[in-house]
Amino acid sequence: MSDYIVRATAANASIRAFAVNAKEMVETARIDHNTSPVITAALGRLLAAGAMMGSMMKGEKDVLTLRIQCSGPAKGLTVTADSHGNVKGFASNPDVDLPPKAQGKLDVGGALDLGVLSVIKDMGLKEPYVGQCQLQTGEIAEDLTYYFATSEQTPSAVGLGVLVEKDGSVKQAGGFILQLMPYTSDEVIEKLEKRIAEMDTVTNMLERGLSPEGILEEILGDFGLEITDTLDTQFYCDCSKAKVSRALSTINKKDLDDIINDGESIEVKCQFCNKAYNFEIEELKAIREA
Ligand SMILES: [Zn+2]
């Protein structure tokens, strides 16, 4: 089963809802970046959120970036998504090993610790939109909930979960985002708060075999849930040798000269997908002259 996002509304469109299964994309990220379990969980949660938040954007060419800069051993996470379900990302340090928390839970908050979450939306305008907030728990779902409330003035509930197998592969990954529209009635808000306080965790719901539709049905089934559409989503990197060349052409000439003078071809890796591109001296010289 491949990954997809479900978009829905509830309570006469006063709630909008998103859910995703993200197992394949998180497993692809894990293999590409060789992430340790706690980083698989951290990056996986941010990828699942990024996929859903990307799908909230309206423009064909809009690009969303979620960036966490933090003092914990993970150092940082970056995820970029478009509005078509394509998402990619990396951790600044993919190899963090921390003891699990109670109940064997991976310590994502410990891997991130204190930091800043930035949400950058490039909608083709002169300046991108940038919203920022301090990390609240470093568990990512709570941090995004806080971001939506403070930066976008949108009361939201965010649930994200990644379950890692003993061998390090991804067993389950997914999440949901619920957002209240300004005209949501107090009655609906109260009922929803109660529901969210009582409901199962995302990983438990995925372990019970619930699809994204099933997750939304479980939370919003008696709120008049209406599924709007579904959208395929995947880990996808659009890097190419041409793009990496352009990046190389922006480093300073002196550094490029040093590489050329070393006389050996170099390998440049795409930071988003870790794909390696080889550059021969002649190619580096051409970039230097361009
Ligand atoms: Zn790439």
# chains A, B, ... in the order shown; residues from 1 in each chain; ligands from 1

$ residues_near_ligand --ligand "ligand 1" --cutoff "8 Å" --atoms "only C-alpha atoms and all ligand atoms" --output "PyMOL selection string"
chain A and resi 236-240+269-275

$ residues_around --residues "segment 72-83 of chain A" --least-positions-apart "6" --cutoff "10 Å" --atoms "only C-alpha atoms" --output "MDAnalysis selection string"
chainID A and resid 38:39 42:44 46:66 89:98 108:122 138 231 233:237 271:272

$ residues_around --residues "segment 187-197 of chain A" --least-positions-apart "2" --cutoff "8 Å" --atoms "only C-alpha atoms" --output "PyMOL selection string"
chain A and resi 11+157+184-185+199+219

$ write_last_selection --atoms "N, CA and C atoms" --output "PDB file, in the first residue's frame"
ATOM      1  N   ALA A  11     -18.201  18.989  10.859  1.00  0.00           N
ATOM      2  CA  ALA A  11     -19.009  19.996  11.564  1.00  0.00           C
ATOM      3  C   ALA A  11     -19.362  21.168  10.626  1.00  0.00           C
ATOM      4  N   ALA A 157      -5.115  20.690  16.144  1.00  0.00           N
ATOM      5  CA  ALA A 157      -4.633  19.515  16.856  1.00  0.00           C
ATOM      6  C   ALA A 157      -3.785  18.742  15.868  1.00  0.00           C
ATOM      7  N   THR A 184     -16.111  28.106  14.105  1.00  0.00           N
ATOM      8  CA  THR A 184     -16.441  26.860  14.794  1.00  0.00           C
ATOM      9  C   THR A 184     -17.193  27.173  16.095  1.00  0.00           C
ATOM     10  N   SER A 185     -18.298  26.494  16.335  1.00  0.00           N
ATOM     11  CA  SER A 185     -19.094  26.784  17.535  1.00  0.00           C
ATOM     12  C   SER A 185     -18.398  26.269  18.795  1.00  0.00           C
ATOM     13  N   MET A 199      -8.572  10.176  22.928  1.00  0.00           N
ATOM     14  CA  MET A 199      -8.321   9.260  21.808  1.00  0.00           C
ATOM     15  C   MET A 199      -6.979   8.542  21.900  1.00  0.00           C
ATOM     16  N   ILE A 219     -11.806   9.895  14.870  1.00  0.00           N
ATOM     17  CA  ILE A 219     -11.812  11.160  15.623  1.00  0.00           C
ATOM     18  C   ILE A 219     -13.081  11.967  15.331  1.00  0.00           C
TER      19      ILE A 219
END

$ residues_around --residues "Ile259 of chain A" --least-positions-apart "5" --cutoff "10 Å" --atoms "only C-alpha atoms" --output "list in words"
Lys253, Lys254, Glu264, Ser265, Ile266, Ile281, Leu284 and Lys285 of chain A

$ atom_distance --atom1 "atom CA of Val87 of chain A" --atom2 "atom CA of Phe279 of chain A"
26.7 Å

$ select_by_dssp --residues "segment 20-249 of chain A" --states "alpha helix (DSSP H)" --output "JSON, numbers by chain"
{"A": [23, 24, 25, 26, 27, 28, 29, 30, 31, 32, 33, 37, 38, 39, 40, 41, 42, 43, 44, 45, 46, 47, 48, 49, 50, 51, 52, 53, 54, 55, 108, 109, 110, 111, 112, 141, 142, 143, 144, 145, 146, 147, 148, 149, 150, 151, 186, 187, 188, 189, 190, 191, 192, 193, 194, 195, 196, 197, 198, 202, 203, 204, 205, 206, 207, 212, 213, 214, 215, 216, 217, 218, 219, 220, 241, 242, 243, 244, 245, 246, 247, 248]}

$ atom_distance --atom1 "atom CA of Glu139 of chain A" --atom2 "atom CA of Thr230 of chain A"
26.8 Å

$ select_by_dssp --residues "segment 11-258 of chain A" --states "strand (DSSP E)" --output "PyMOL selection string"
chain A and resi 15-21+63-70+76-82+86-91+115-122+129-134+156-164+170-180+226-232+234-235

$ atom_distance --atom1 "atom CA of Gly175 of chain A" --atom2 "atom CA of Ile215 of chain A"
8.5 Å

$ residues_around --residues "Val170 of chain A" --least-positions-apart "6" --cutoff "7 Å" --atoms "only C-alpha atoms" --output "PyMOL selection string"
chain A and resi 23+26-27+163-164

$ residues_around --residues "segment 203-210 of chain A" --least-positions-apart "5" --cutoff "12 Å" --atoms "only C-alpha atoms" --output "list in words"
Met1, Ala19, Val20, Asn21, Ala22, Lys23, Ala41, Arg45, Lys105, Gly159, Leu160, Gly161, Val162, Leu163, Val164, Val170, Lys171, Gln172, Ala173, Gly174, Gly175, Phe176, Ile215, Leu216, Glu217, Glu218 and Ile219 of chain A

$ closest_residue --among "A:Glu280, A:Ser14, A:Val158, A:Leu225" --to "Asp186 of chain A" --atoms "only C-alpha atoms"
A:Ser14

$ closest_residue --among "A:Glu165, A:Asp3, A:Glu152, A:Asp200" --to "Thr40 of chain A" --atoms "only C-alpha atoms"
A:Glu165

$ decode --residues "segment 162-194 of chain A" --atoms "N, CA and C atoms" --output "PDB file, in the first residue's frame"
ATOM      1  N   VAL A 162       5.568   7.594  14.458  1.00  0.00           N
ATOM      2  CA  VAL A 162       6.427   6.697  13.679  1.00  0.00           C
ATOM      3  C   VAL A 162       6.808   5.545  14.602  1.00  0.00           C
ATOM      4  N   LEU A 163       6.596   4.335  14.121  1.00  0.00           N
ATOM      5  CA  LEU A 163       6.964   3.155  14.895  1.00  0.00           C
ATOM      6  C   LEU A 163       8.085   2.445  14.143  1.00  0.00           C
ATOM      7  N   VAL A 164       9.196   2.186  14.855  1.00  0.00           N
ATOM      8  CA  VAL A 164      10.373   1.590  14.223  1.00  0.00           C
ATOM      9  C   VAL A 164      10.497   0.135  14.680  1.00  0.00           C
ATOM     10  N   GLU A 165      10.765  -0.750  13.718  1.00  0.00           N
ATOM     11  CA  GLU A 165      10.980  -2.176  14.017  1.00  0.00           C
ATOM     12  C   GLU A 165      12.316  -2.369  14.738  1.00  0.00           C
ATOM     13  N   LYS A 166      12.507  -3.547  15.317  1.00  0.00           N
ATOM     14  CA  LYS A 166      13.769  -3.866  16.001  1.00  0.00           C
ATOM     15  C   LYS A 166      14.967  -3.738  15.061  1.00  0.00           C
ATOM     16  N   ASP A 167      14.766  -4.079  13.779  1.00  0.00           N
ATOM     17  CA  ASP A 167      15.877  -3.993  12.818  1.00  0.00           C
ATOM     18  C   ASP A 167      16.081  -2.577  12.285  1.00  0.00           C
ATOM     19  N   GLY A 168      15.330  -1.615  12.810  1.00  0.00           N
ATOM     20  CA  GLY A 168      15.495  -0.215  12.408  1.00  0.00           C
ATOM     21  C   GLY A 168      14.585   0.224  11.286  1.00  0.00           C
ATOM     22  N   SER A 169      13.925  -0.704  10.599  1.00  0.00           N
ATOM     23  CA  SER A 169      13.029  -0.313   9.491  1.00  0.00           C
ATOM     24  C   SER A 169      11.735   0.278  10.045  1.00  0.00           C
ATOM     25  N   VAL A 170      10.997   0.918   9.171  1.00  0.00           N
ATOM     26  CA  VAL A 170       9.788   1.623   9.601  1.00  0.00           C
ATOM     27  C   VAL A 170       8.594   0.676   9.582  1.00  0.00           C
ATOM     28  N   LYS A 171       7.951   0.525  10.735  1.00  0.00           N
ATOM     29  CA  LYS A 171       6.786  -0.350  10.820  1.00  0.00           C
ATOM     30  C   LYS A 171       5.511   0.422  10.513  1.00  0.00           C
ATOM     31  N   GLN A 172       5.402   1.583  11.086  1.00  0.00           N
ATOM     32  CA  GLN A 172       4.228   2.433  10.867  1.00  0.00           C
ATOM     33  C   GLN A 172       4.670   3.892  10.852  1.00  0.00           C
ATOM     34  N   ALA A 173       3.985   4.698  10.060  1.00  0.00           N
ATOM     35  CA  ALA A 173       4.215   6.153  10.121  1.00  0.00           C
ATOM     36  C   ALA A 173       2.982   6.854   9.573  1.00  0.00           C
ATOM     37  N   GLY A 174       2.630   7.941  10.224  1.00  0.00           N
ATOM     38  CA  GLY A 174       1.470   8.681   9.740  1.00  0.00           C
ATOM     39  C   GLY A 174       1.105   9.797  10.692  1.00  0.00           C
ATOM     40  N   GLY A 175      -0.040  10.398  10.436  1.00  0.00           N
ATOM     41  CA  GLY A 175      -0.466  11.476  11.316  1.00  0.00           C
ATOM     42  C   GLY A 175      -1.725  12.152  10.836  1.00  0.00           C
ATOM     43  N   PHE A 176      -2.122  13.151  11.608  1.00  0.00           N
ATOM     44  CA  PHE A 176      -3.297  13.944  11.233  1.00  0.00           C
ATOM     45  C   PHE A 176      -3.103  15.386  11.677  1.00  0.00           C
ATOM     46  N   ILE A 177      -3.807  16.281  11.021  1.00  0.00           N
ATOM     47  CA  ILE A 177      -3.891  17.681  11.447  1.00  0.00           C
ATOM     48  C   ILE A 177      -5.358  18.081  11.381  1.00  0.00           C
ATOM     49  N   LEU A 178      -5.886  18.598  12.483  1.00  0.00           N
ATOM     50  CA  LEU A 178      -7.254  19.127  12.506  1.00  0.00           C
ATOM     51  C   LEU A 178      -7.151  20.625  12.755  1.00  0.00           C
ATOM     52  N   GLN A 179      -7.930  21.404  12.033  1.00  0.00           N
ATOM     53  CA  GLN A 179      -7.893  22.852  12.230  1.00  0.00           C
ATOM     54  C   GLN A 179      -9.295  23.419  12.371  1.00  0.00           C
ATOM     55  N   LEU A 180      -9.413  24.340  13.327  1.00  0.00           N
ATOM     56  CA  LEU A 180     -10.709  24.976  13.560  1.00  0.00           C
ATOM     57  C   LEU A 180     -10.814  26.262  12.756  1.00  0.00           C
ATOM     58  N   MET A 181     -11.915  26.410  12.067  1.00  0.00           N
ATOM     59  CA  MET A 181     -12.176  27.654  11.345  1.00  0.00           C
ATOM     60  C   MET A 181     -12.698  28.685  12.356  1.00  0.00           C
ATOM     61  N   PRO A 182     -12.591  29.979  12.016  1.00  0.00           N
ATOM     62  CA  PRO A 182     -12.967  31.018  12.999  1.00  0.00           C
ATOM     63  C   PRO A 182     -14.421  30.894  13.466  1.00  0.00           C
ATOM     64  N   TYR A 183     -15.289  30.284  12.658  1.00  0.00           N
ATOM     65  CA  TYR A 183     -16.705  30.216  13.012  1.00  0.00           C
ATOM     66  C   TYR A 183     -17.094  28.897  13.676  1.00  0.00           C
ATOM     67  N   THR A 184     -16.111  28.106  14.105  1.00  0.00           N
ATOM     68  CA  THR A 184     -16.441  26.860  14.794  1.00  0.00           C
ATOM     69  C   THR A 184     -17.193  27.173  16.095  1.00  0.00           C
ATOM     70  N   SER A 185     -18.298  26.494  16.335  1.00  0.00           N
ATOM     71  CA  SER A 185     -19.094  26.784  17.535  1.00  0.00           C
ATOM     72  C   SER A 185     -18.398  26.269  18.795  1.00  0.00           C
ATOM     73  N   ASP A 186     -18.697  26.916  19.918  1.00  0.00           N
ATOM     74  CA  ASP A 186     -18.116  26.492  21.195  1.00  0.00           C
ATOM     75  C   ASP A 186     -18.470  25.045  21.513  1.00  0.00           C
ATOM     76  N   GLU A 187     -19.662  24.669  21.128  1.00  0.00           N
ATOM     77  CA  GLU A 187     -20.129  23.307  21.394  1.00  0.00           C
ATOM     78  C   GLU A 187     -19.237  22.287  20.676  1.00  0.00           C
ATOM     79  N   VAL A 188     -18.933  22.578  19.402  1.00  0.00           N
ATOM     80  CA  VAL A 188     -18.072  21.684  18.624  1.00  0.00           C
ATOM     81  C   VAL A 188     -16.657  21.661  19.219  1.00  0.00           C
ATOM     82  N   ILE A 189     -16.156  22.840  19.596  1.00  0.00           N
ATOM     83  CA  ILE A 189     -14.804  22.921  20.164  1.00  0.00           C
ATOM     84  C   ILE A 189     -14.696  22.084  21.439  1.00  0.00           C
ATOM     85  N   GLU A 190     -15.710  22.220  22.285  1.00  0.00           N
ATOM     86  CA  GLU A 190     -15.709  21.481  23.553  1.00  0.00           C
ATOM     87  C   GLU A 190     -15.718  19.970  23.323  1.00  0.00           C
ATOM     88  N   LYS A 191     -16.580  19.562  22.410  1.00  0.00           N
ATOM     89  CA  LYS A 191     -16.704  18.128  22.104  1.00  0.00           C
ATOM     90  C   LYS A 191     -15.402  17.594  21.505  1.00  0.00           C
ATOM     91  N   LEU A 192     -14.776  18.404  20.638  1.00  0.00           N
ATOM     92  CA  LEU A 192     -13.542  17.969  19.985  1.00  0.00           C
ATOM     93  C   LEU A 192     -12.386  17.884  20.981  1.00  0.00           C
ATOM     94  N   GLU A 193     -12.316  18.861  21.886  1.00  0.00           N
ATOM     95  CA  GLU A 193     -11.256  18.830  22.901  1.00  0.00           C
ATOM     96  C   GLU A 193     -11.360  17.568  23.745  1.00  0.00           C
ATOM     97  N   LYS A 194     -12.604  17.207  24.080  1.00  0.00           N
ATOM     98  CA  LYS A 194     -12.838  16.020  24.885  1.00  0.00           C
ATOM     99  C   LYS A 194     -12.394  14.777  24.105  1.00  0.00           C
TER     100      LYS A 194
END
